[in-house]
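J.: input.cif is the file, holding mmCIF, C-alpha atoms and all ligand atoms:
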```cif
data_work
loop_
_atom_site.label_atom_id
_atom_site.label_comp_id
_atom_site.auth_asym_id
_atom_site.auth_seq_id
_atom_site.Cartn_x
_atom_site.Cartn_y
_atom_site.Cartn_z
CA MET A 19 -43.99 -9.43 21.57
CA GLY A 20 -41.15 -10.05 23.99
CA LEU A 21 -38.21 -7.81 23.28
CA TRP A 22 -39.48 -4.28 23.30
CA ILE A 23 -36.94 -1.58 23.90
CA GLN A 24 -37.23 2.17 23.79
CA PRO A 25 -36.80 3.51 20.26
CA ARG A 26 -34.62 6.54 19.79
CA PRO A 27 -36.42 9.88 20.04
CA PRO A 28 -37.23 10.47 16.34
CA CYS A 29 -38.87 7.07 16.20
CA ALA A 30 -40.56 7.39 19.55
CA ASP A 31 -42.08 10.63 18.29
CA LEU A 32 -43.24 9.07 15.04
CA PHE A 33 -45.09 6.24 16.71
CA GLY A 34 -48.80 7.05 16.70
CA GLN A 35 -48.51 9.97 14.29
CA PRO A 36 -50.87 10.19 11.30
CA ALA A 37 -49.65 8.28 8.25
CA ALA A 38 -49.62 11.59 6.37
CA VAL A 39 -46.55 12.57 8.38
CA ALA A 40 -43.42 12.09 6.28
CA PRO A 41 -41.01 9.40 7.47
CA ASP A 42 -37.76 10.37 9.09
CA GLU A 43 -34.78 10.33 6.74
CA ASP A 44 -33.36 7.37 8.65
CA LEU A 45 -36.34 5.21 7.80
CA THR A 46 -35.87 2.85 4.88
CA LEU A 47 -38.81 1.39 3.02
CA ASN A 48 -38.81 -2.40 3.23
CA GLY A 49 -39.76 -3.46 -0.26
CA ALA A 50 -43.34 -3.89 -1.27
CA GLY A 51 -46.21 -3.24 1.05
CA ALA A 52 -48.74 -3.96 -1.63
CA VAL A 53 -51.48 -6.49 -1.21
CA ASN A 54 -53.41 -7.39 -4.36
CA ASP A 55 -52.01 -4.30 -6.10
CA ALA A 56 -53.53 -2.04 -3.49
CA ARG A 57 -50.92 -0.56 -1.22
CA VAL A 58 -52.47 -0.74 2.20
CA GLU A 59 -49.38 -0.27 4.29
CA GLU A 60 -45.68 0.37 4.04
CA HIS A 61 -43.06 -1.09 6.31
CA TYR A 62 -40.01 0.90 7.24
CA THR A 63 -36.89 0.06 9.21
CA CYS A 64 -34.90 2.72 11.00
CA SER A 65 -31.23 2.54 10.11
CA ARG A 66 -30.28 3.94 13.50
CA CYS A 67 -32.29 2.12 16.11
CA ARG A 68 -33.71 -0.70 13.98
CA SER A 69 -37.26 0.10 14.89
CA VAL A 70 -39.70 -1.38 12.39
CA PHE A 71 -42.72 0.70 11.51
CA ALA A 72 -45.90 0.06 9.59
CA ARG A 73 -47.38 3.11 7.86
CA ILE A 74 -51.05 2.26 7.52
CA LEU A 75 -52.48 3.72 4.30
CA ALA A 76 -55.94 2.19 4.17
CA GLY A 77 -58.94 1.85 6.40
CA PRO A 78 -60.60 4.38 8.67
CA PRO A 79 -58.68 7.69 8.82
CA GLN A 80 -58.16 7.40 12.55
CA ARG A 81 -56.35 4.11 11.97
CA GLN A 82 -54.03 5.49 9.30
CA ILE A 83 -51.12 6.02 11.61
CA TRP A 84 -47.53 5.00 12.15
CA MET A 85 -47.35 1.82 14.17
CA LEU A 86 -44.21 0.50 15.81
CA LEU A 87 -43.95 -3.19 15.06
CA ASN A 88 -40.90 -3.90 17.14
CA ALA A 89 -37.61 -2.54 18.27
CA ARG A 90 -34.33 -4.34 18.59
CA PRO A 91 -31.26 -3.72 20.70
CA HIS A 92 -28.51 -1.86 18.87
ZN ZN B 101 -34.86 5.11 14.92
#
```
Could you write out this file's structure as structure tokens?
Ligand SMILES: [Zn+2]
T.:
Amino acid sequence: MGLWIQPRPPCADLFGQPAAVAPDEDLTLNGAGAVNDARVEEHYTCSRCRSVFARILAGPPQRQIWMLLNARPH
């Protein structure tokens, strides 16, 4: 996990929010997040700062959050 940078504010705010929170309009869904026909998470990439998020949709409610997978330089 070497190259962490600060995401832009909308993404920094999203990180750690409940998965029920709607994604920012700059976030693009990265294809299928389905595993064995059960969608357990969705991956999004921010078109502005290139942050990659996982929106966890399964498991204990307290773990169904937005996770920042990485962030790249602009
Ligand atoms: Zn962003």
J.: Please compute the atom ZN of ligand ZN 101 (chain B)-atom CA of Pro78 of chain A distance, one decimal, in Å.
T.: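 Atom CA of Pro78 of chain A lies 26.5 Å from atom ZN of ligand ZN 101 (chain B).
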J.: Identify which of the residues A:Asn48, A:Pro27, A:Glu43, A:His61 lies closest to Ile83 of chain A, counting only C-alpha atoms when measuring atom-to-atom distances.
T.: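 Residue with the minimum atom-to-atom distance to Ile83 of chain A: A:His61.
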J.: Identify which of the residues A:Leu32, A:Val58, A:Cys64, A:Ala38 lies closest to Gln80 of chain A, counting only C-alpha atoms when measuring atom-to-atom distances.
T.: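 That would be A:Ala38, the residue with the smallest distance to Gln80 of chain A.
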J.: Given a cut-off of 10 Å, what residues near ligand ZN 101 (chain B) show up using all atoms listed in the file, put as a VMD selection string?
T.: chain A and resid 24 to 32 42 to 45 63 to 71 89
J.: For a quick check of understanding, using all atoms listed in the file, which of A:Thr46, A:Arg57, A:Ala37, A:Tyr62 has the smallest distance to Arg81 of chain A?
T.: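 Using all atoms listed in the file, Arg81 of chain A sits closest to A:Ala37.
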J.: What is the atom CA of Pro41 of chain A to atom CA of Gly77 of chain A distance in Å?
T.: 19.5 Å
J.: Do you have the atom CA of Gln35 of chain A-atom CA of Glu60 of chain A distance handy?
T.: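 Value for the atom CA of Gln35 of chain A-atom CA of Glu60 of chain A distance: 14.3 Å.
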J.: Find the spatial neighbours of Phe33 of chain A, counting all atoms listed in the file, within a cut-off of 6 Å - ignore same-chain residues fewer than 3 positions away - and output them as a PyMOL selection string.
T.: chain A and resi 30+84-86
